[in-house]
Amino acid sequence: MKDYRASTRTRLLRSAAPIAAAALAAFGSAAYAQNAPAPANNSGNTVGEVVVTAQFREQSLEKTPIAITAVNAQMLEQRNQTSLADVTAQAPNVTLAPNGAAFGSSMVAFIRGIGQTDFNLALEPGVGIYVDDVYYPTLTGSLLDLLDLDRVEILRGPQGTLAGKNSIGGAIKLYSQKPNGNDGGYLEGTYGSFNKLNARGAADFTVVPDKLFVRLSAATENHDGYVTRYDYACKHPGSNLKSLEVGDGCVLGHDGSQALAAGRIAIRWLPTERLEVNLAADFTNDHSGVQANTLVKVAPGALDLPFQSVYTPGVNGAPVFFGPQFIPGNPYSSYGTYTSNACSVIFGCDPYSPIVVPPINHFKGGGVNGEINYKLADNLSLTSITSVRYYENQFAEQTDASPIGVEILLQRQVHHDLTQEFRLNGNFGSVLDYTVGGFYLSQSGGLNARVGLPWVGFDFEHGPDQTPADTKALYGDATWHVVKNLDLSAGIRYSDENKSYTFFRHNADGTVVTSPVGYNGAVYGLNGTTASFHGTRTDYRVALQYQFTPDIMAYVDTATGYKGGGVDPRPFVPTQAVAFGPETLTAYEGGLKMFLLDHRMRLNLAGFYNDYNNIQLTLSSCPAQSGGDPTIPCALPANVGSAHVSGFEAETEIHPLPGLEIDGSLSYLDFKYTQIANAAATGISLNMTTPYTPKWKWSLGAQYAFDLGEHGTLTPRIDASYQSSEFANPINDPAWNQIAGYTVFNARLTYRAPTGGWSSWLEVTNFTNKLYYLTLFDLHSSAGYVNGQPAMPRGWSFTIKKTF
């Protein structure tokens with residue numbers, strides 16, 4: 001039997017080798033610097049301090065014993081990053097991407113191999129998302145526009161103590177610009193390819209001097225779609241399909257368009273020297289089209305497999321079967337119609353057809369939050385954070401992207417949540433800093449949908465399913481300054497959570513499913529069924545750090561985290577409506593944070609080993625939950641996996657010469673399953689890996705500011721990012737769901753006027769016009785196809801900005 005402990009130790013030693021080498025080099029250069037005269041640096045070209053609040057108090061990034069990618073507003077602008085997904089290219093071992101057409105306005109989010117892709121409220125994300133310390137509990141609505149931000153902090157590794165449940169992989173924290181009373185602001189406008197038309201702006205006002213300030217910010221982003229949908233019959237006369245007679249070159253529409261507007265108002269009130277109140281309200285109204293998606297592959301022998309024998313009656317009455325003829329020759333085109341009159345060889349024709357859905361992905365949401373900070377004493381303060389949020393997401397799916405309509409849905413998910421957190425921050429002089437607090441989350445929501453799956457004989461009304469849930473937590477964290485330069489941090493958190501799910505299923509005409517056979521028979525008996533989950537969890541964290549020199553800090557830590565349990569959201573029979581437990585993680589990490597070369601270089605290194613247990617995997621066969629009948633379909637999440645995850649990360653920023661700035665990152669991750677309790681039912685073997693987890697990632701960016709004297713500055717910048725291949729499905733199959741590795745280049749040329757606050761820039765994204773896929777939706781073993789979401793091809797844009 002293979003000794004996984006030995007192999008894991010070997011991998012960990014290999015992972016740590018580059019870090020150890022860099023550490024020796026760093027200490028060597030530090031020792032030299034201590035023994036030799038420090039070079040003068042009068043150029044002002046040093047790497048600046050970055051302040052983070054990962055431990056609930058302001059600290060230098062270089063003195064915080066957590067692996068953190070911190071990006072400030074200046075760097076976001078330099079890279080023209082306006083969406084949370086844009087930041088992922090420079091963050092080691094982090095994958096953030098817009099989800100595909102089957103998942104609405106949600107996000108694929110993984111950190112160090114741990115995350116989630118499914119938007120359903122019965123399931124929990126594996127990466128915590130926070131905006132101004134307000135928790136966003138679902139993947140839907142988390143793909144945020146970076147509107148008027150001060151900074152982004154990406155914390156890698158479990159944050160079970162500091163952030164709570166669902167931060168098992170890590171946490172992403174966004175912090176908005178606060179009103180500061182400078183009566184300043186900015187306006188910018190952008191035009192570019194695909195009729196891109198964007199506008200952004202912010203304004204800061206003083207209402208009462210030294211007491212009351214207001215900041216308004218808004219953004220709108222618009223562009224046309226980049227995947228063209230064609231009428232197949234129009235493009236292929238004689239296909240026996242009825243033409244939709246659209247004219248206009250047989251074009252039905254364009255997928256991947258965007259039409260988003262967002263706004264925010266922030267109020268800052270300082271009634272006394274001890275009290276500060278911050279209030280904010282925001283909204284997002286997104287009327288975008290369905291995500292860009294195309295038919296990538298069709299399973300061989302699709303006509304021979306019963307569940308794949310889907311067809312539509314042709315013009316002459318003969319069936320036209322779904323097949324590889326609908327794979328377009330151009331990867332940025334599709335034959336999707338968002339209509340279906342499909343039939344199945346096994347289940348016959350849909351008695352409720354036709355199904356017609358609009359090709360949309362509409363999202364509207366917003367919320368109100370307040371933060372009150374009261375200084376009880378010079379060494380003690382109380383913080384209260386309150387938030388109420390809501391959203392509604394309606395989105396269409398026709399991922400077979402053909403005129404047949406093998407899978408066609410229109411879904412609508414709504415969600416409301418209330419959060420309340422109290423923190424008490426204090427210190428005992430220079431000996432101990434501490435935080436104690438409590439957290440409460442109450443959320444409710446539901447999903448309803450028209451579900452057309454002729455390959456399994458489905459055309460039913462799903463929901464509105466109801467998913468109420470709540471979480472309560474108490475936590476504490478402290479840092480003991482043991483002796484000079486040596487700190488010991490420790491924390492603990494106790495969580496209690498509840499969730500229930502009530503299922504409603506009706507025929508597409510609203511009638512009750514009355515028989516377990518025939519169309520919709522597989523969901524017979526589910527209507528009104530309720531299942532629930534309850535769990536408690538205690539997480540801890542211990543970290544030891546030592547400041548070897550003012551510029552070099554090393555740390556080691558161990559921490560735990562968990563992803564909440566839930567209920568099977570897609571049962572086929574009432575006995576499958578059961579709960580599953582949380583995933584758990586114990587992590588071990590060591591790192592170095594350094595300023596080098598007389599503060600012209602920042603270098604941060606981390607190596608980690610994770611013991612990942614109770615992994616939630618989906619069973620395709622579950623006779624024990626199906627009355628002993630193995631022929632009943634199954635899609636049951638269950639805790640059946642364990643894995644060891646190890647890797648290393650490096651991030652740097654270098655200012656070697658006045659005006660020249662270089663930044664880069666590198667990461668490696670080794671994910672190894674050690675146990676699959678029900679391998680036959682999951683289809684997963686020990687040599688597979690978790691989805692959206694590339695083994696290697698790197699990024700490199702460089703810019704140089706040319707001084708034009710009285711004419712301003714001209715700054716060219718280039719960014720390159722690479723990730724190795726990854727799988728889009730837990731059941732890894734190189735032929736069907738492997739996304740090939742790719743390198744993407746972006747370039748930008750910025751001009752800044754010497755006076756007046758004017759600037760402008762020309763940007764080219766994906767300038768090598770690389771074809772790559774953000775996501776794949778693999779249904780080849782069931783519905784007979786794979787759908788892909790291609791990233792945008794090469795594009796350009798020009799922006800003018802006025803700062804005042």
# chains A, B, ... in the order shown; residues from 1 in each chain; ligands from 1
$ residues_around --residues "A:Leu714" --least-positions-apart "4" --cutoff "8 Å" --atoms "only C-alpha atoms" --output "ChimeraX atom specification"
/A:705-708,749-752
$ write_last_selection --atoms "N, CA and C atoms" --output "mmCIF file, in the first residue's frame"
data_model
loop_
_atom_site.group_PDB
_atom_site.id
_atom_site.type_symbol
_atom_site.label_atom_id
_atom_site.label_comp_id
_atom_site.auth_asym_id
_atom_site.auth_seq_id
_atom_site.Cartn_x
_atom_site.Cartn_y
_atom_site.Cartn_z
ATOM 1 N N ALA A 705 7.892 55.145 -16.472
ATOM 2 C CA ALA A 705 7.348 56.488 -16.655
ATOM 3 C C ALA A 705 8.404 57.389 -17.293
ATOM 4 N N PHE A 706 8.169 57.766 -18.551
ATOM 5 C CA PHE A 706 9.056 58.704 -19.247
ATOM 6 C C PHE A 706 8.676 60.128 -18.846
ATOM 7 N N ASP A 707 9.642 60.852 -18.303
ATOM 8 C CA ASP A 707 9.406 62.231 -17.876
ATOM 9 C C ASP A 707 9.505 63.146 -19.096
ATOM 10 N N LEU A 708 8.395 63.798 -19.441
ATOM 11 C CA LEU A 708 8.352 64.707 -20.592
ATOM 12 C C LEU A 708 8.500 66.156 -20.167
ATOM 13 N N LEU A 749 -0.777 52.225 -22.531
ATOM 14 C CA LEU A 749 0.046 53.431 -22.661
ATOM 15 C C LEU A 749 -0.721 54.584 -22.024
ATOM 16 N N THR A 750 -0.138 55.168 -20.961
ATOM 17 C CA THR A 750 -0.824 56.193 -20.176
ATOM 18 C C THR A 750 -0.096 57.528 -20.303
ATOM 19 N N TYR A 751 -0.877 58.570 -20.548
ATOM 20 C CA TYR A 751 -0.348 59.934 -20.545
ATOM 21 C C TYR A 751 -0.971 60.708 -19.385
ATOM 22 N N ARG A 752 -0.127 61.392 -18.612
ATOM 23 C CA ARG A 752 -0.601 62.235 -17.522
ATOM 24 C C ARG A 752 -0.124 63.664 -17.756
#
$ residues_around --residues "stretch 520-534 of chain A" --least-positions-apart "5" --cutoff "9 Å" --atoms "only C-alpha atoms" --output "PyMOL selection string"
chain A and resi 456-460+463+496-507+512-515+565-568+571-574+577-581+632-633
$ write_last_selection --atoms "N, CA, C and O atoms" --output "CSV table (one decimal), in the first residue's frame"
chain,number,residue,atom,x,y,z
A,456,VAL,N,-33.7,13.5,-20.2
A,456,VAL,CA,-34.2,12.7,-19.1
A,456,VAL,C,-35.7,12.8,-18.9
A,456,VAL,O,-36.3,12.4,-17.9
A,457,GLY,N,-36.4,13.3,-19.9
A,457,GLY,CA,-37.8,13.4,-19.9
A,457,GLY,C,-38.3,14.4,-18.9
A,457,GLY,O,-39.3,14.2,-18.2
A,458,PHE,N,-37.7,15.6,-18.8
A,458,PHE,CA,-38.1,16.7,-17.9
A,458,PHE,C,-38.6,17.9,-18.6
A,458,PHE,O,-37.9,18.4,-19.6
A,459,ASP,N,-39.7,18.4,-18.2
A,459,ASP,CA,-40.1,19.8,-18.5
A,459,ASP,C,-41.0,20.2,-17.3
A,459,ASP,O,-42.2,20.0,-17.4
A,460,PHE,N,-40.4,20.7,-16.3
A,460,PHE,CA,-41.2,21.0,-15.1
A,460,PHE,C,-40.9,22.4,-14.5
A,460,PHE,O,-39.9,23.0,-14.9
A,463,GLY,N,-39.6,24.8,-8.0
A,463,GLY,CA,-39.8,25.9,-7.0
A,463,GLY,C,-41.0,26.7,-7.1
A,463,GLY,O,-42.0,26.3,-7.8
A,496,ASP,N,-22.2,28.0,14.9
A,496,ASP,CA,-23.4,27.2,14.9
A,496,ASP,C,-24.3,27.6,13.7
A,496,ASP,O,-24.6,28.7,13.6
A,497,GLU,N,-24.6,26.6,12.9
A,497,GLU,CA,-25.4,26.9,11.7
A,497,GLU,C,-26.6,26.0,11.5
A,497,GLU,O,-26.5,24.8,11.8
A,498,ASN,N,-27.6,26.6,10.8
A,498,ASN,CA,-28.8,25.8,10.5
A,498,ASN,C,-29.2,26.2,9.1
A,498,ASN,O,-29.0,27.3,8.6
A,499,LYS,N,-29.7,25.2,8.4
A,499,LYS,CA,-30.2,25.4,7.0
A,499,LYS,C,-31.3,24.4,6.7
A,499,LYS,O,-31.2,23.2,7.2
A,500,SER,N,-32.3,24.8,6.0
A,500,SER,CA,-33.4,23.9,5.6
A,500,SER,C,-33.7,24.2,4.1
A,500,SER,O,-33.4,25.3,3.6
A,501,TYR,N,-34.3,23.2,3.5
A,501,TYR,CA,-34.6,23.4,2.0
A,501,TYR,C,-35.9,22.7,1.8
A,501,TYR,O,-36.1,21.5,2.1
A,502,THR,N,-36.9,23.4,1.2
A,502,THR,CA,-38.2,22.9,0.9
A,502,THR,C,-38.3,22.8,-0.6
A,502,THR,O,-38.1,23.9,-1.3
A,503,PHE,N,-38.7,21.7,-1.2
A,503,PHE,CA,-38.7,21.4,-2.6
A,503,PHE,C,-40.2,21.5,-3.1
A,503,PHE,O,-41.1,21.0,-2.5
A,504,PHE,N,-40.3,22.2,-4.3
A,504,PHE,CA,-41.6,22.3,-5.0
A,504,PHE,C,-41.3,21.9,-6.4
A,504,PHE,O,-40.4,22.5,-7.1
A,505,ARG,N,-42.1,21.0,-6.9
A,505,ARG,CA,-42.0,20.5,-8.3
A,505,ARG,C,-43.4,20.4,-8.9
A,505,ARG,O,-44.2,19.7,-8.3
A,506,HIS,N,-43.6,21.0,-10.1
A,506,HIS,CA,-44.8,20.8,-10.8
A,506,HIS,C,-44.5,20.6,-12.3
A,506,HIS,O,-43.5,21.0,-12.8
A,507,ASN,N,-45.5,20.1,-13.0
A,507,ASN,CA,-45.4,20.1,-14.4
A,507,ASN,C,-45.3,21.5,-15.0
A,507,ASN,O,-45.7,22.4,-14.3
A,512,VAL,N,-49.7,19.1,-10.7
A,512,VAL,CA,-48.9,18.3,-9.9
A,512,VAL,C,-48.5,17.0,-10.6
A,512,VAL,O,-49.3,16.5,-11.4
A,513,VAL,N,-47.2,16.6,-10.4
A,513,VAL,CA,-46.8,15.3,-11.0
A,513,VAL,C,-47.5,14.2,-10.3
A,513,VAL,O,-47.3,14.0,-9.1
A,514,THR,N,-48.2,13.4,-11.1
A,514,THR,CA,-49.1,12.4,-10.4
A,514,THR,C,-48.6,11.0,-10.6
A,514,THR,O,-49.2,10.0,-10.1
A,515,SER,N,-47.5,10.8,-11.3
A,515,SER,CA,-47.1,9.4,-11.6
A,515,SER,C,-45.6,9.3,-11.6
A,515,SER,O,-44.9,10.3,-12.1
A,565,GLY,N,-22.0,22.6,5.7
A,565,GLY,CA,-22.8,21.5,5.1
A,565,GLY,C,-24.1,22.1,4.5
A,565,GLY,O,-24.3,23.3,4.4
A,566,GLY,N,-24.9,21.2,4.0
A,566,GLY,CA,-26.1,21.6,3.4
A,566,GLY,C,-27.0,20.4,3.1
A,566,GLY,O,-27.0,19.4,3.7
A,567,VAL,N,-27.9,20.6,2.1
A,567,VAL,CA,-28.9,19.6,1.7
A,567,VAL,C,-28.8,19.4,0.2
A,567,VAL,O,-28.5,20.4,-0.6
A,568,ASP,N,-29.0,18.2,-0.3
A,568,ASP,CA,-29.0,17.9,-1.7
A,568,ASP,C,-30.0,18.8,-2.4
A,568,ASP,O,-31.2,18.7,-2.2
A,571,PRO,N,-32.6,16.5,-5.7
A,571,PRO,CA,-33.0,15.1,-5.5
A,571,PRO,C,-34.0,14.6,-6.6
A,571,PRO,O,-34.8,15.5,-7.1
A,572,PHE,N,-34.0,13.4,-6.9
A,572,PHE,CA,-34.9,12.8,-7.9
A,572,PHE,C,-36.1,12.1,-7.2
A,572,PHE,O,-37.1,11.9,-7.8
A,573,VAL,N,-35.9,11.7,-6.0
A,573,VAL,CA,-36.9,11.1,-5.2
A,573,VAL,C,-36.8,11.6,-3.7
A,573,VAL,O,-35.7,12.1,-3.3
A,574,PRO,N,-37.9,11.6,-3.0
A,574,PRO,CA,-37.8,12.2,-1.6
A,574,PRO,C,-36.7,11.7,-0.7
A,574,PRO,O,-36.2,12.4,0.1
A,577,ALA,N,-33.5,13.6,-0.6
A,577,ALA,CA,-33.4,14.9,0.0
A,577,ALA,C,-32.9,14.8,1.4
A,577,ALA,O,-33.6,14.8,2.4
A,578,VAL,N,-31.5,14.6,1.5
A,578,VAL,CA,-30.8,14.4,2.8
A,578,VAL,C,-29.7,15.5,2.9
A,578,VAL,O,-29.3,16.1,1.9
A,579,ALA,N,-29.2,15.6,4.1
A,579,ALA,CA,-28.2,16.5,4.4
A,579,ALA,C,-26.8,15.9,4.2
A,579,ALA,O,-26.6,14.7,4.2
A,580,PHE,N,-25.8,16.8,4.0
A,580,PHE,CA,-24.4,16.4,4.0
A,580,PHE,C,-23.6,17.3,4.9
A,580,PHE,O,-24.1,18.4,5.2
A,581,GLY,N,-22.5,16.9,5.4
A,581,GLY,CA,-21.7,17.6,6.4
A,581,GLY,C,-20.7,18.6,5.8
A,581,GLY,O,-20.5,18.7,4.6
A,632,ILE,N,-32.4,4.5,-10.3
A,632,ILE,CA,-32.9,5.9,-10.1
A,632,ILE,C,-31.8,6.8,-10.3
A,632,ILE,O,-30.7,6.6,-9.6
A,633,PRO,N,-31.9,7.9,-11.1
A,633,PRO,CA,-30.8,8.9,-11.2
A,633,PRO,C,-30.4,9.5,-9.9
A,633,PRO,O,-31.2,9.5,-8.9
$ residues_around --residues "stretch 161-170 of chain A" --least-positions-apart "3" --cutoff "7 Å" --atoms "only C-alpha atoms" --output "PyMOL selection string"
chain A and resi 55+110-112+114-115+124-128+155-158+475+491-493+539-541+561-564+585
$ write_last_selection --atoms "C-alpha atoms" --output "PDB file, in the first residue's frame"
ATOM      1  CA  GLN A  55      -6.131  40.754  11.901  1.00  0.00           C
ATOM      2  CA  PHE A 110     -10.916  28.619  -5.688  1.00  0.00           C
ATOM      3  CA  ILE A 111      -7.923  29.353  -3.467  1.00  0.00           C
ATOM      4  CA  ARG A 112      -5.239  26.705  -2.996  1.00  0.00           C
ATOM      5  CA  ILE A 114     -10.510  24.676  -2.435  1.00  0.00           C
ATOM      6  CA  GLY A 115     -13.685  26.393  -3.573  1.00  0.00           C
ATOM      7  CA  GLU A 124     -21.768  26.820   0.346  1.00  0.00           C
ATOM      8  CA  PRO A 125     -18.824  28.647  -1.240  1.00  0.00           C
ATOM      9  CA  GLY A 126     -15.289  27.727  -0.209  1.00  0.00           C
ATOM     10  CA  VAL A 127     -13.888  31.269  -0.435  1.00  0.00           C
ATOM     11  CA  GLY A 128     -15.246  34.044   1.793  1.00  0.00           C
ATOM     12  CA  LEU A 155      -5.952  36.110   2.172  1.00  0.00           C
ATOM     13  CA  ARG A 156      -4.767  32.640   1.199  1.00  0.00           C
ATOM     14  CA  GLY A 157      -5.229  29.665   3.471  1.00  0.00           C
ATOM     15  CA  PRO A 158      -8.081  28.935   5.895  1.00  0.00           C
ATOM     16  CA  TYR A 475     -14.492  34.387  18.296  1.00  0.00           C
ATOM     17  CA  GLY A 491      -7.363  32.588  17.927  1.00  0.00           C
ATOM     18  CA  ILE A 492     -10.473  30.473  18.294  1.00  0.00           C
ATOM     19  CA  ARG A 493     -13.968  30.602  16.824  1.00  0.00           C
ATOM     20  CA  ASP A 539     -11.769  26.482  14.533  1.00  0.00           C
ATOM     21  CA  TYR A 540      -8.402  27.663  15.789  1.00  0.00           C
ATOM     22  CA  ARG A 541      -5.270  29.442  14.656  1.00  0.00           C
ATOM     23  CA  GLY A 561     -11.370  26.163   8.529  1.00  0.00           C
ATOM     24  CA  TYR A 562     -14.553  24.655   7.189  1.00  0.00           C
ATOM     25  CA  LYS A 563     -17.087  24.900   4.404  1.00  0.00           C
ATOM     26  CA  GLY A 564     -20.637  24.571   5.676  1.00  0.00           C
ATOM     27  CA  LEU A 585      -9.188  21.671   6.626  1.00  0.00           C
TER      28      LEU A 585
END
$ residues_around --residues "A:Asp255" --least-positions-apart "4" --cutoff "6 Å" --atoms "only C-alpha atoms" --output "tab-separated table (two decimals) with all heavy atoms, in the first residue's frame"
chain	number	residue	atom	x	y	z
A	225	GLY	N	-21.98	41.72	-27.41
A	225	GLY	CA	-21.50	40.36	-27.26
A	225	GLY	C	-20.45	40.01	-28.30
A	225	GLY	O	-20.35	40.64	-29.36
A	227	VAL	N	-19.79	36.49	-29.08
A	227	VAL	CA	-20.13	35.21	-29.70
A	227	VAL	C	-21.42	35.41	-30.49
A	227	VAL	O	-22.45	35.78	-29.93
A	227	VAL	CB	-20.30	34.10	-28.66
A	227	VAL	CG1	-20.93	32.85	-29.29
A	227	VAL	CG2	-18.96	33.73	-28.04
A	290	VAL	N	-26.95	36.73	-22.05
A	290	VAL	CA	-26.42	35.47	-21.56
A	290	VAL	C	-24.92	35.43	-21.82
A	290	VAL	O	-24.40	36.05	-22.76
A	290	VAL	CB	-27.14	34.29	-22.23
A	290	VAL	CG1	-26.77	34.20	-23.70
A	290	VAL	CG2	-26.86	32.99	-21.52
A	291	GLN	N	-24.18	34.71	-20.96
A	291	GLN	CA	-22.73	34.63	-21.11
A	291	GLN	C	-22.36	34.06	-22.48
A	291	GLN	O	-23.10	33.29	-23.07
A	291	GLN	CB	-22.13	33.74	-20.03
A	291	GLN	CG	-22.22	34.31	-18.63
A	291	GLN	CD	-23.42	33.81	-17.87
A	291	GLN	OE1	-24.54	33.78	-18.41
A	291	GLN	NE2	-23.23	33.42	-16.63
A	292	ALA	N	-21.18	34.47	-22.94
A	292	ALA	CA	-20.64	33.89	-24.17
A	292	ALA	C	-20.51	32.39	-23.99
A	292	ALA	O	-19.91	31.93	-23.01
A	292	ALA	CB	-19.29	34.51	-24.49
$ residues_around --residues "A:Leu382" --least-positions-apart "2" --cutoff "9 Å" --atoms "only C-alpha atoms" --output "JSON list (two decimals) with C-alpha atoms, in the first residue's frame"
[["chain", "number", "residue", "atom", "x", "y", "z"],
["A", 372, "ILE", "CA", -19.96, 52.31, 14.20],
["A", 373, "ASN", "CA", -16.61, 52.68, 15.93],
["A", 374, "TYR", "CA", -16.54, 53.94, 19.51],
["A", 375, "LYS", "CA", -13.35, 54.46, 21.46],
["A", 376, "LEU", "CA", -14.20, 53.32, 24.99],
["A", 380, "LEU", "CA", -10.15, 49.82, 23.95],
["A", 384, "SER", "CA", -20.50, 47.31, 15.23],
["A", 422, "PHE", "CA", -19.63, 43.19, 17.16],
["A", 423, "ARG", "CA", -15.90, 43.48, 17.83],
["A", 424, "LEU", "CA", -14.03, 44.61, 20.88],
["A", 425, "ASN", "CA", -10.46, 45.60, 20.05],
["A", 426, "GLY", "CA", -7.94, 46.37, 22.76]]
$ residues_around --residues "A:Ala67" --least-positions-apart "4" --cutoff "9 Å" --atoms "only C-alpha atoms" --output "list in words"
Ile154, Leu155, Arg156, Gly157, Glu589, Gly591, Asn604, Leu605, Ala606 and Glu649 of chain A
$ residues_around --residues "A:Cys634" --least-positions-apart "6" --cutoff "10 Å" --atoms "only C-alpha atoms" --output "compact mmCIF listing (two decimals) with N, CA and C atoms, in the first residue's frame"
# COMPACT_ATOMS: atom_id res chain seq x y z
N ARG A 570 -30.85 18.84 -5.60
CA ARG A 570 -31.42 18.29 -6.83
C ARG A 570 -31.78 16.81 -6.66
N PRO A 571 -32.64 16.48 -5.68
CA PRO A 571 -33.04 15.09 -5.50
C PRO A 571 -34.01 14.65 -6.59
N PHE A 572 -33.97 13.36 -6.92
CA PHE A 572 -34.91 12.80 -7.90
C PHE A 572 -36.07 12.09 -7.20
N VAL A 573 -35.87 11.69 -5.96
CA VAL A 573 -36.92 11.07 -5.15
C VAL A 573 -36.80 11.64 -3.75
N GLN A 576 -33.79 11.03 -1.43
CA GLN A 576 -32.50 11.64 -1.72
C GLN A 576 -32.39 13.05 -1.12
N THR A 618 -20.07 14.81 -5.54
CA THR A 618 -21.41 14.43 -5.98
C THR A 618 -21.44 12.98 -6.42
N LEU A 619 -22.37 12.24 -5.85
CA LEU A 619 -22.56 10.83 -6.21
C LEU A 619 -23.50 10.72 -7.39
N SER A 620 -23.10 9.96 -8.39
CA SER A 620 -23.98 9.71 -9.54
C SER A 620 -24.83 8.46 -9.35
N SER A 621 -24.53 7.72 -8.29
CA SER A 621 -25.32 6.54 -7.95
C SER A 621 -25.46 6.49 -6.44
N CYS A 622 -26.70 6.37 -5.94
CA CYS A 622 -26.91 6.35 -4.49
C CYS A 622 -28.11 5.47 -4.15
N PRO A 623 -28.01 4.15 -4.39
CA PRO A 623 -29.14 3.25 -4.13
C PRO A 623 -29.58 3.27 -2.68
N GLN A 625 -29.94 5.78 -0.83
CA GLN A 625 -30.88 6.89 -0.66
C GLN A 625 -31.99 6.84 -1.71
N SER A 626 -32.09 5.75 -2.45
CA SER A 626 -33.08 5.62 -3.53
C SER A 626 -33.94 4.37 -3.34
N ALA A 681 -19.25 5.38 -7.19
CA ALA A 681 -20.42 6.26 -7.30
C ALA A 681 -20.04 7.67 -7.69
$ select_by_dssp --residues "stretch 272-517 of chain A" --states "strand (DSSP E)" --output "PyMOL selection string"
chain A and resi 275-289+294-298+310-313+319-321+333-334+339-340+343-344+348-349+355-356+360-377+380-397+408-428+432-453+458-466+469-483+486-502+505-507
$ closest_residue --among "A:Leu252, A:Val50, A:Ala261, A:Val542" --to "A:Ala73" --atoms "only C-alpha atoms"
A:Val50
$ atom_distance --atom1 "atom CA of A:Val764" --atom2 "atom CA of A:Phe777"
28.7 Å
$ atom_distance --atom1 "atom CA of A:Ile172" --atom2 "atom CA of A:Gly664"
19.5 Å
$ atom_distance --atom1 "atom CA of A:Thr294" --atom2 "atom CA of A:Ser724"
22.4 Å
$ closest_residue --among "A:Ser353, A:Pro516, A:Pro313, A:Ala543" --to "A:Ala490" --atoms "only C-alpha atoms"
A:Ala543
$ closest_residue --among "A:Val388, A:Val406, A:Val431, A:Ile267" --to "A:Phe321" --atoms "only C-alpha atoms"
A:Val406
$ closest_residue --among "A:His287, A:Lys484, A:Arg229, A:Lys297" --to "A:Ser333" --atoms "only C-alpha atoms"
A:Arg229
$ closest_residue --among "A:Ser797, A:Ser309, A:Ser217, A:Thr95" --to "A:Arg264" --atoms "only C-alpha atoms"
A:Ser217
$ decode --residues "stretch 236-258 of chain A" --atoms "C-alpha atoms" --output "compact mmCIF listing (two decimals), in the first residue's frame"
# COMPACT_ATOMS: atom_id res chain seq x y z
CA HIS A 236 -27.27 25.41 -44.03
CA PRO A 237 -30.11 25.20 -46.58
CA GLY A 238 -31.41 21.68 -46.96
CA SER A 239 -30.78 20.76 -43.31
CA ASN A 240 -34.48 19.84 -42.84
CA LEU A 241 -34.71 22.48 -40.10
CA LYS A 242 -37.13 25.35 -40.31
CA SER A 243 -35.44 28.70 -40.81
CA LEU A 244 -36.29 31.42 -38.32
CA GLU A 245 -36.17 33.92 -41.23
CA VAL A 246 -34.14 36.51 -39.39
CA GLY A 247 -32.29 37.99 -42.33
CA ASP A 248 -29.31 40.14 -41.40
CA GLY A 249 -26.81 37.49 -42.48
CA CYS A 250 -28.63 34.73 -40.59
CA VAL A 251 -27.66 36.38 -37.27
CA LEU A 252 -29.92 35.70 -34.28
CA GLY A 253 -27.96 37.70 -31.73
CA HIS A 254 -24.69 38.09 -29.85
CA ASP A 255 -23.90 36.41 -26.53
CA GLY A 256 -21.54 37.84 -23.93
CA SER A 257 -22.85 41.40 -23.96
CA GLN A 258 -22.80 43.62 -20.89
